[in-house]
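coords_28.txt follows (compact mmCIF, C-alpha atoms):
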```
# COMPACT_ATOMS: atom_id res chain seq x y z
CA MET A 1 92.14 91.17 95.20
CA GLU A 2 89.86 94.22 95.24
CA PRO A 3 87.55 94.28 98.30
CA TYR A 4 84.47 95.27 96.28
CA ILE A 5 82.22 93.58 93.73
CA TYR A 6 79.97 95.76 91.60
CA LEU A 7 77.07 94.64 89.46
CA ARG A 8 74.41 96.25 87.33
CA VAL A 9 71.25 94.36 86.44
CA LEU A 10 68.91 95.28 83.59
CA LYS A 11 65.27 94.27 83.93
CA HIS A 12 62.16 94.63 81.79
CA ALA A 13 58.90 95.62 83.47
CA GLU A 14 55.57 95.20 81.68
CA HIS A 15 52.55 97.31 82.69
CA THR A 16 53.09 96.86 86.39
CA VAL A 17 53.44 98.75 89.65
CA PHE A 18 56.38 98.61 92.05
CA CYS A 19 54.51 99.69 95.17
CA VAL A 20 50.83 99.75 96.10
CA GLU A 21 50.78 101.51 99.49
CA ASP A 22 50.41 104.91 97.86
CA GLY A 23 50.38 104.04 94.18
CA GLN A 24 53.35 103.83 91.85
CA LYS A 25 56.43 105.72 93.03
CA THR A 26 57.56 108.30 90.48
CA TYR A 27 59.88 111.25 90.08
CA ARG A 28 60.32 113.90 87.42
CA ASP A 29 63.51 113.79 85.36
CA PRO A 30 64.89 117.34 85.04
CA LEU A 31 67.00 116.61 81.94
CA PHE A 32 64.06 115.55 79.79
CA ASN A 33 61.42 118.23 80.30
CA GLY A 34 60.44 116.91 83.72
CA LYS A 35 59.19 113.61 82.32
CA THR A 36 57.52 111.45 84.96
CA VAL A 37 59.29 108.13 85.40
CA ALA A 38 58.76 105.23 87.78
CA TYR A 39 61.22 103.78 90.25
CA SER A 40 61.52 101.28 93.07
CA SER A 41 63.48 102.39 96.13
CA GLY A 42 66.75 100.77 97.09
CA GLN A 43 65.11 99.69 100.35
CA GLN A 44 62.41 97.82 98.45
CA VAL A 45 64.99 96.16 96.18
CA LYS A 46 67.04 95.19 99.23
CA ARG A 47 64.00 93.70 100.98
CA SER A 48 63.13 91.71 97.86
CA ILE A 49 66.69 90.38 97.60
CA LEU A 50 66.74 89.37 101.27
CA GLN A 51 63.35 87.69 100.98
CA THR A 52 64.57 85.65 98.00
CA LEU A 53 67.73 84.81 99.97
CA VAL A 54 65.93 83.42 103.02
CA ASP A 55 63.47 81.56 100.80
CA SER A 56 66.39 79.95 98.98
CA LEU A 57 68.03 78.92 102.25
CA GLY A 58 64.75 77.78 103.76
CA VAL A 59 65.08 80.00 106.84
CA GLN A 60 62.99 82.74 108.42
CA LEU A 61 63.60 86.47 108.45
CA ALA A 62 64.83 87.70 111.83
CA PRO A 63 62.04 88.47 114.33
CA VAL A 64 61.43 92.18 114.85
CA THR A 65 59.84 93.55 118.03
CA PHE A 66 57.23 96.26 117.39
CA ASN A 67 56.85 98.77 120.21
CA TYR A 68 53.74 100.82 121.04
CA ASN A 69 52.87 103.34 123.72
CA ILE A 70 49.39 104.24 124.94
CA ASN A 71 49.33 107.97 125.66
CA ARG A 72 47.15 109.92 128.11
CA ASN A 73 44.38 110.17 125.52
CA GLN A 74 44.38 106.38 125.20
CA ALA A 75 45.75 106.69 121.66
CA LEU A 76 48.15 104.01 120.43
CA GLU A 77 51.52 105.45 119.36
CA ASN A 78 53.91 103.51 117.15
CA LYS A 79 57.48 103.58 118.47
CA GLU A 80 60.70 102.42 116.81
CA PRO A 81 60.84 98.66 116.12
CA TRP A 82 63.73 96.66 117.58
CA SER A 83 65.92 94.35 115.55
CA PRO A 84 67.50 91.43 117.41
CA CYS A 85 71.00 92.59 116.32
CA ASP A 86 71.86 88.95 115.83
CA PRO A 87 74.14 88.03 112.87
CA ASN A 88 73.08 84.40 113.17
CA TYR A 89 70.08 85.53 111.11
CA VAL A 90 71.28 85.86 107.53
CA ASP A 91 69.07 88.87 106.75
CA GLN A 92 70.58 90.66 109.75
CA LEU A 93 74.14 89.72 108.80
CA LEU A 94 73.71 90.98 105.22
CA GLY A 95 71.01 93.60 105.71
CA GLY A 96 72.38 95.38 108.76
CA TRP A 97 70.46 96.78 111.70
CA MET A 98 69.94 99.69 114.08
CA ARG A 99 68.44 99.40 117.56
CA ALA A 100 67.92 102.50 119.68
CA GLY A 101 65.95 103.17 122.83
CA ASP A 102 67.04 99.93 124.53
CA GLY A 103 70.31 100.68 126.27
CA ILE A 104 73.31 101.58 124.10
CA THR A 105 72.39 102.10 120.45
CA LYS A 106 73.63 99.25 118.27
CA LYS A 107 74.01 99.63 114.53
CA ARG A 108 75.54 97.62 111.73
CA ARG A 109 76.00 98.99 108.25
CA SER A 110 74.92 96.57 105.56
CA PRO A 111 77.75 95.24 103.38
CA LEU A 112 75.33 95.52 100.44
CA SER A 113 74.88 99.01 99.00
CA ILE A 114 71.84 98.88 96.72
CA SER A 115 70.58 101.61 94.41
CA ALA A 116 67.02 102.37 93.47
CA MET A 117 65.71 100.48 90.44
CA ARG A 118 65.21 103.31 87.96
CA PRO A 119 64.94 103.76 84.18
CA LEU A 120 67.91 102.81 82.03
CA HIS A 121 67.00 106.08 80.29
CA PRO A 122 63.95 108.34 80.77
CA LEU A 123 62.99 107.84 77.11
CA LEU A 124 62.95 104.05 77.48
CA VAL A 125 60.13 103.92 80.04
CA SER A 126 56.57 105.14 80.29
CA VAL A 127 54.04 105.76 83.05
CA GLY A 128 50.34 105.40 82.26
CA LYS A 129 47.15 105.81 84.24
CA GLU A 130 44.02 103.70 84.29
CA ASN A 131 40.73 103.70 86.17
CA LEU A 132 39.90 100.40 87.81
CA THR A 133 36.58 99.10 89.05
CA PHE A 134 35.42 96.68 91.70
CA ASP A 135 32.19 95.58 90.05
CA ARG A 136 29.40 93.29 91.31
CA SER A 137 26.55 95.01 89.48
CA ASP A 138 25.65 91.80 87.62
CA ARG A 139 24.69 90.03 90.88
CA PRO A 140 22.60 92.49 92.93
CA ASP A 141 20.84 89.81 95.00
CA ASN A 142 24.14 88.35 96.22
CA ASN A 143 25.82 91.64 97.17
CA PRO A 144 23.97 93.68 99.81
CA ILE A 145 24.15 97.46 100.16
CA ILE A 146 24.30 99.36 103.45
CA VAL A 147 23.37 103.07 103.50
CA ARG A 148 23.64 105.31 106.55
CA MET A 149 22.28 108.82 107.02
CA GLU A 150 24.75 111.33 108.44
CA GLY A 151 24.23 111.68 112.19
CA ARG A 152 22.44 108.36 112.47
CA ASP A 153 24.16 105.14 113.54
CA GLU A 154 21.58 102.65 112.29
CA PRO A 155 21.57 101.85 108.58
CA LEU A 156 18.55 102.71 106.46
CA THR A 157 15.96 99.98 105.94
CA GLU A 158 15.31 98.64 102.45
CA GLU A 159 12.09 100.67 102.33
CA GLU A 160 13.92 103.87 103.30
CA ILE A 161 16.58 103.25 100.64
CA GLU A 162 13.94 102.73 97.94
CA ALA A 163 12.10 105.88 99.03
CA TYR A 164 15.32 107.91 98.89
CA LEU A 165 16.17 106.65 95.40
CA LEU A 166 12.66 107.33 94.12
CA ASN A 167 12.44 110.83 95.60
CA ASN A 168 15.92 111.83 94.36
CA GLU A 169 15.84 109.96 91.04
CA ARG A 170 19.06 108.16 91.92
CA THR A 171 20.47 104.65 91.60
CA ILE A 172 23.02 102.81 93.74
CA PRO A 173 25.28 100.59 91.63
CA ARG A 174 27.18 97.74 93.23
CA ARG A 175 30.40 99.12 91.84
CA SER A 176 33.39 101.02 93.25
CA TRP A 177 35.70 103.13 91.11
CA ILE A 178 39.45 103.15 91.78
CA PRO A 179 40.66 106.19 89.80
CA GLU A 180 44.04 107.11 88.30
CA ASN A 181 46.10 104.02 89.02
CA GLN A 182 49.60 104.40 87.59
CA ARG A 183 51.38 101.60 85.77
CA THR A 184 54.84 101.53 84.25
CA THR A 185 56.54 99.74 81.35
CA GLY A 186 60.11 99.81 80.14
CA LEU A 187 63.76 99.00 80.84
CA PHE A 188 65.05 99.48 84.38
CA VAL A 189 68.42 99.03 86.07
CA PHE A 190 69.72 98.76 89.60
CA ASP A 191 73.28 98.63 90.94
CA VAL A 192 74.81 96.76 93.87
CA ALA A 193 78.17 97.23 95.59
CA ILE A 194 79.29 94.35 97.82
CA ASP A 195 81.86 95.25 100.48
CA LEU A 196 83.68 91.94 100.96
CA ARG A 197 85.50 93.25 104.02
CA ARG A 198 82.19 93.57 105.87
CA LEU A 199 80.22 90.82 104.17
CA PHE A 200 80.75 88.10 106.79
CA SER A 201 82.49 90.00 109.59
CA VAL A 202 80.97 91.69 112.64
CA SER A 203 82.86 94.32 114.59
CA THR A 204 83.59 93.66 118.26
CA ASN A 205 84.33 97.33 119.00
CA GLN A 206 82.28 98.36 122.05
CA HIS A 207 82.80 102.12 121.65
CA GLU A 208 80.32 102.10 118.75
CA PRO A 209 78.93 98.59 119.13
CA GLU A 210 77.36 96.44 116.47
CA ILE A 211 76.62 93.69 118.98
CA SER A 212 76.61 93.25 122.74
CA VAL A 213 79.37 91.63 124.81
CA GLU A 214 77.03 88.71 125.45
CA MET A 215 76.52 88.23 121.72
CA ILE A 216 80.28 88.30 121.13
CA GLU A 217 80.77 85.42 123.55
CA SER A 218 77.86 83.51 122.04
CA LEU A 219 79.29 83.85 118.51
CA LYS A 220 82.70 82.64 119.68
CA GLU A 221 81.08 79.57 121.20
CA ASN A 222 79.35 78.94 117.86
CA GLY A 223 82.65 78.87 115.97
CA TRP A 224 82.96 82.45 114.73
CA VAL A 225 86.62 83.22 114.04
CA VAL A 226 88.44 86.04 115.84
CA SER A 227 90.08 88.25 113.20
CA LYS A 228 90.99 91.82 112.31
CA THR A 229 90.14 94.01 109.30
CA VAL A 230 90.95 97.60 108.34
CA PHE A 231 87.96 98.52 110.51
CA GLY A 232 89.36 96.84 113.61
CA GLU A 233 88.86 93.62 115.55
CA CYS A 234 85.96 91.46 114.47
CA LEU A 235 84.39 88.03 114.33
CA VAL A 236 84.10 86.20 111.01
CA LEU A 237 81.39 83.72 110.08
CA PRO A 238 82.78 80.14 109.80
CA LYS A 239 83.66 78.96 106.28
CA GLU A 240 81.03 76.21 106.16
CA LYS A 241 78.33 78.82 106.79
CA ARG A 242 79.80 81.18 104.22
CA ASP A 243 79.75 78.39 101.66
CA GLU A 244 76.01 77.98 102.26
CA ILE A 245 75.18 81.67 102.01
CA ILE A 246 77.33 82.71 99.02
CA PRO A 247 75.44 80.69 96.33
CA ALA A 248 72.08 81.75 97.79
CA LEU A 249 73.14 85.40 97.80
CA ALA A 250 74.36 85.23 94.20
CA HIS A 251 71.04 83.66 93.18
CA ALA A 252 68.97 86.20 95.13
CA MET A 253 70.64 89.25 93.59
CA LEU A 254 69.84 88.04 90.07
CA ASN A 255 66.47 86.36 90.54
CA TRP A 256 64.49 88.49 93.01
CA ARG A 257 61.00 89.76 92.27
CA ILE A 258 59.04 92.60 93.82
CA THR A 259 56.41 90.65 95.71
CA SER A 260 54.45 93.59 97.15
CA ASN A 261 52.65 94.47 93.94
CA GLN A 262 49.06 93.43 93.39
CA ALA A 263 48.04 90.28 91.54
CA ARG A 264 46.40 92.27 88.75
CA THR A 265 49.68 94.02 87.99
CA PHE A 266 52.04 91.02 87.99
CA SER A 267 55.07 91.27 85.75
CA LEU A 268 57.84 88.69 85.41
CA MET A 269 60.33 91.57 85.51
CA GLU A 270 62.69 89.31 83.65
CA THR A 271 66.43 89.94 83.91
CA LEU A 272 67.83 90.91 80.50
CA ALA A 273 71.52 91.46 81.22
CA VAL A 274 74.03 91.52 84.06
CA ALA A 275 77.38 93.31 84.28
CA ILE A 276 79.88 92.29 86.99
CA SER A 277 83.23 93.85 87.83
CA ASP A 278 85.57 94.83 90.66
CA ASN A 279 85.89 98.25 89.00
CA ALA A 280 82.86 100.49 89.45
CA ASN A 281 83.76 102.64 86.44
CA THR A 282 83.22 99.76 83.99
CA ILE A 283 79.65 99.03 85.08
CA PRO A 284 77.77 102.04 83.63
CA GLY A 285 79.47 101.59 80.27
CA ALA A 286 78.56 97.91 80.00
CA ILE A 287 74.80 98.46 80.26
CA ARG A 288 73.81 101.92 79.09
CA ALA A 289 71.68 103.96 76.70
CA LYS A 290 72.72 106.34 73.94
CA LEU A 291 70.76 109.49 73.21
CA ILE A 292 69.91 109.88 69.53
CA ASP A 293 69.05 113.45 68.57
CA GLU A 294 66.23 113.52 66.05
CA GLY A 295 65.22 117.15 66.26
CA GLU A 296 62.12 117.74 68.30
CA ARG A 297 61.68 114.05 69.16
CA PRO A 298 64.92 112.63 70.54
CA THR A 299 65.08 108.91 71.22
CA ALA A 300 67.36 106.65 73.23
CA LYS A 301 68.98 103.40 72.19
CA PRO A 302 69.74 100.74 74.82
CA ILE A 303 73.24 99.29 74.50
CA ILE A 304 74.92 96.16 75.88
CA ASP A 305 78.68 96.63 75.54
CA GLU A 306 80.94 93.65 76.23
CA THR A 307 84.07 95.71 75.57
CA ALA A 308 83.53 98.20 78.41
CA GLY A 309 85.67 96.21 80.87
CA ALA A 310 83.03 94.33 82.86
CA ASP A 311 81.93 90.71 82.51
CA VAL A 312 78.57 90.86 80.74
CA PHE A 313 75.90 88.14 80.69
CA VAL A 314 72.97 88.48 78.27
CA THR A 315 69.76 86.41 78.52
CA LEU A 316 67.58 85.28 75.62
CA PRO A 317 64.71 87.75 76.31
CA CYS A 318 67.16 90.64 75.96
CA ALA A 319 67.19 90.16 72.18
CA SER A 320 63.54 91.29 72.11
CA TYR A 321 64.53 94.81 73.14
CA ILE A 322 68.24 95.26 72.31
CA VAL A 323 70.34 94.18 69.34
CA THR A 324 72.68 91.58 70.82
CA GLU A 325 75.08 88.96 69.52
CA ASN A 326 75.87 86.73 72.49
CA GLU A 327 72.59 86.10 74.28
CA SER A 328 72.58 82.73 76.04
CA PRO A 329 70.01 80.44 77.69
CA ASP A 330 72.37 79.92 80.65
CA ALA A 331 73.46 83.54 81.07
CA LEU A 332 72.03 83.91 84.58
CA ASP A 333 73.63 80.64 85.70
CA ALA A 334 76.98 81.86 84.37
CA ALA A 335 76.53 85.21 86.13
CA GLU A 336 75.73 83.40 89.38
CA GLN A 337 78.88 81.31 89.06
CA LYS A 338 80.94 84.45 88.44
CA LEU A 339 79.59 86.05 91.61
CA ILE A 340 80.14 82.86 93.60
CA LYS A 341 83.73 82.63 92.39
CA MET A 342 84.50 86.25 93.26
CA MET A 343 82.89 86.08 96.71
CA SER A 344 84.51 82.73 97.51
CA ALA A 345 87.99 83.88 96.48
CA PHE A 346 88.20 86.62 99.13
CA ASP A 347 90.18 85.74 102.28
CA TYR A 348 87.67 86.79 104.92
CA GLU A 349 89.68 85.51 107.88
CA LYS A 350 93.03 87.05 106.84
CA GLN A 351 92.20 90.31 105.15
```

How does the structure come out when it is put into structure tokens?
Amino acid sequence: MEPYIYLRVLKHAEHTVFCVEDGQKTYRDPLFNGKTVAYSSGQQVKRSILQTLVDSLGVQLAPVTFNYNINRNQALENKEPWSPCDPNYVDQLLGGWMRAGDGITKKRRSPLSISAMRPLHPLLVSVGKENLTFDRSDRPDNNPIIVRMEGRDEPLTEEEIEAYLLNNERTIPRRSWIPENQRTTGLFVFDVAIDLRRLFSVSTNQHEPEISVEMIESLKENGWVVSKTVFGECLVLPKEKRDEIIPALAHAMLNWRITSNQARTFSLMETLAVAISDNANTIPGAIRAKLIDEGERPTAKPIIDETAGADVFVTLPCASYIVTENESPDALDAAEQKLIKMMSAFDYEKQ
């Protein structure tokens, strides 16, 4: 059996934003006249998958210790957070970790390699801008205004505000403008590679440690199995625990949502199609786009190809955007079962 599982997931986003910390993330595609297209980073996709996973299992994310220093100027400096480096937490086991600045650096590479969620094709997405408002101008008596003069700590009195407005022929609306907010719409894909050799195993090598000697002994006491992979000696999660995690992981990879976007920009981001294979080369052909040259205005046609070599699962909403023949109401359930079967078939203890 091949030690990797590959999947590509096609999603539809409707007038939404993937990140609100600094507006919608975008890049310029050099092959199509530098067109601006939206994306969600692989880190954000990974975090969304892990959040869905722990929610499904009914457990908490691993606790992270945040470190701060107070310098000579009494300023608070943010230092590197510490992960517990504990594979008993499922998000640590599957998400990996790195802990430096606390003895020997410990790091574990995640067995899940996750791409950015990006356009299926630059011509199949759009990015628009809109100006938003926070408006309470219809209820002036219920929404007070505070005005301060530069260089003065105390706010102006109501009489001083009225005098300023009269002398300067100004008004003060109870309204704030939020300019140039970007939103995106279109068809997006992301890819995942699952390394089954690392999925449920933790290295016991202490030359470049993933975990401490104390953690090794603790895991053994909790039933972790001593084994060996191509990467060296390791401990493997007990089968009963694997059987709990595998269905939840399959569900999370197909049903996650970006939960960091604002309420006013919610999109179902419905899954349209899934391609699964143990051969990476079959994935891009199964869910792809074809460029159609129409002179000065080329277009792109999205394609779902069930003959490309991967197992393809097509949901009912997909037929709204792509000509399909085999869309199914239980496509995602079937895709989950395929992933569960492939992950369960691997011999983790005797690789």

| request: Would you mind reading off the distance between atom CA of Ser110 of chain A and atom CA of Lys46 of chain A, one decimal, in Å? | output: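 Atom CA of Lys46 of chain A lies at a distance of 10.2 Å from atom CA of Ser110 of chain A.
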
Please list as a compact mmCIF listing (two decimals) with C-alpha atoms, in the frame of the given file every residue within 9 Å of segment 221-227 of chain A, counting all atoms listed in the file and excluding residues in the same chain fewer than 6 positions away.
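result.txt, written as the output of this step:
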```
# COMPACT_ATOMS: atom_id res chain seq x y z
CA SER A 201 82.49 90.00 109.59
CA GLU A 233 88.86 93.62 115.55
CA CYS A 234 85.96 91.46 114.47
CA LEU A 235 84.39 88.03 114.33
CA VAL A 236 84.10 86.20 111.01
CA LEU A 237 81.39 83.72 110.08
CA PRO A 238 82.78 80.14 109.80
CA TYR A 348 87.67 86.79 104.92
CA GLU A 349 89.68 85.51 107.88
CA LYS A 350 93.03 87.05 106.84
CA GLN A 351 92.20 90.31 105.15
```

| What is the atom CA of Asp102 of chain A-atom CA of Val213 of chain A distance in Å, reported with one decimal? | 14.9 Å

List the spatial neighbours of segment 24-32 of chain A as an mmCIF file with C-alpha atoms, in the frame of the given file - criterion: any atom at most 9 Å away, only C-alpha atoms, same-chain residues fewer than 2 positions off excluded.
```cif
data_model
loop_
_atom_site.group_PDB
_atom_site.id
_atom_site.type_symbol
_atom_site.label_atom_id
_atom_site.label_comp_id
_atom_site.auth_asym_id
_atom_site.auth_seq_id
_atom_site.Cartn_x
_atom_site.Cartn_y
_atom_site.Cartn_z
ATOM 1 C CA THR A 16 53.090 96.860 86.390
ATOM 2 C CA VAL A 17 53.440 98.750 89.650
ATOM 3 C CA PHE A 18 56.380 98.610 92.050
ATOM 4 C CA CYS A 19 54.510 99.690 95.170
ATOM 5 C CA VAL A 20 50.830 99.750 96.100
ATOM 6 C CA GLU A 21 50.780 101.510 99.490
ATOM 7 C CA ASP A 22 50.410 104.910 97.860
ATOM 8 C CA GLY A 34 60.440 116.910 83.720
ATOM 9 C CA LYS A 35 59.190 113.610 82.320
ATOM 10 C CA THR A 36 57.520 111.450 84.960
ATOM 11 C CA VAL A 37 59.290 108.130 85.400
ATOM 12 C CA ALA A 38 58.760 105.230 87.780
ATOM 13 C CA TYR A 39 61.220 103.780 90.250
ATOM 14 C CA SER A 40 61.520 101.280 93.070
ATOM 15 C CA SER A 41 63.480 102.390 96.130
ATOM 16 C CA PRO A 122 63.950 108.340 80.770
ATOM 17 C CA LEU A 123 62.990 107.840 77.110
ATOM 18 C CA VAL A 127 54.040 105.760 83.050
ATOM 19 C CA ASN A 181 46.100 104.020 89.020
ATOM 20 C CA GLN A 182 49.600 104.400 87.590
ATOM 21 C CA ARG A 183 51.380 101.600 85.770
ATOM 22 C CA THR A 184 54.840 101.530 84.250
#
```

| said: So that I can see what lies close to segment 247-252 of chain A, please list as a list in words the residues with an atom at most 8 Å from it, counting all atoms listed in the file and leaving out residues fewer than 6 positions away in the same chain. | reply: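 In the requested format, the answer is Ile49, Leu50, Thr52, Leu53, Ser56, Leu57, Glu336, Gln337, Leu339 and Ile340 of chain A.
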
| task | Would you please work out which residue, of A:Glu154, A:Thr185, A:Ile161, A:Gly96, is nearest to Thr265 of chain A when using all atoms listed in the file? | result |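 Answer, going by the shortest atom-to-atom distance: A:Thr185.
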
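Here atom CA of Ile322 of chain A and atom CA of Ser277 of chain A stand 21.6 Å from one another.
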
| task | Pick out the closest residue to Thr204 of chain A from this set: A:Lys241, A:Arg108, A:Glu169, A:Asp191. Count all atoms listed in the file. | result |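 Ranking A:Lys241, A:Arg108, A:Glu169, A:Asp191 by distance to Thr204 of chain A, first place goes to A:Arg108.
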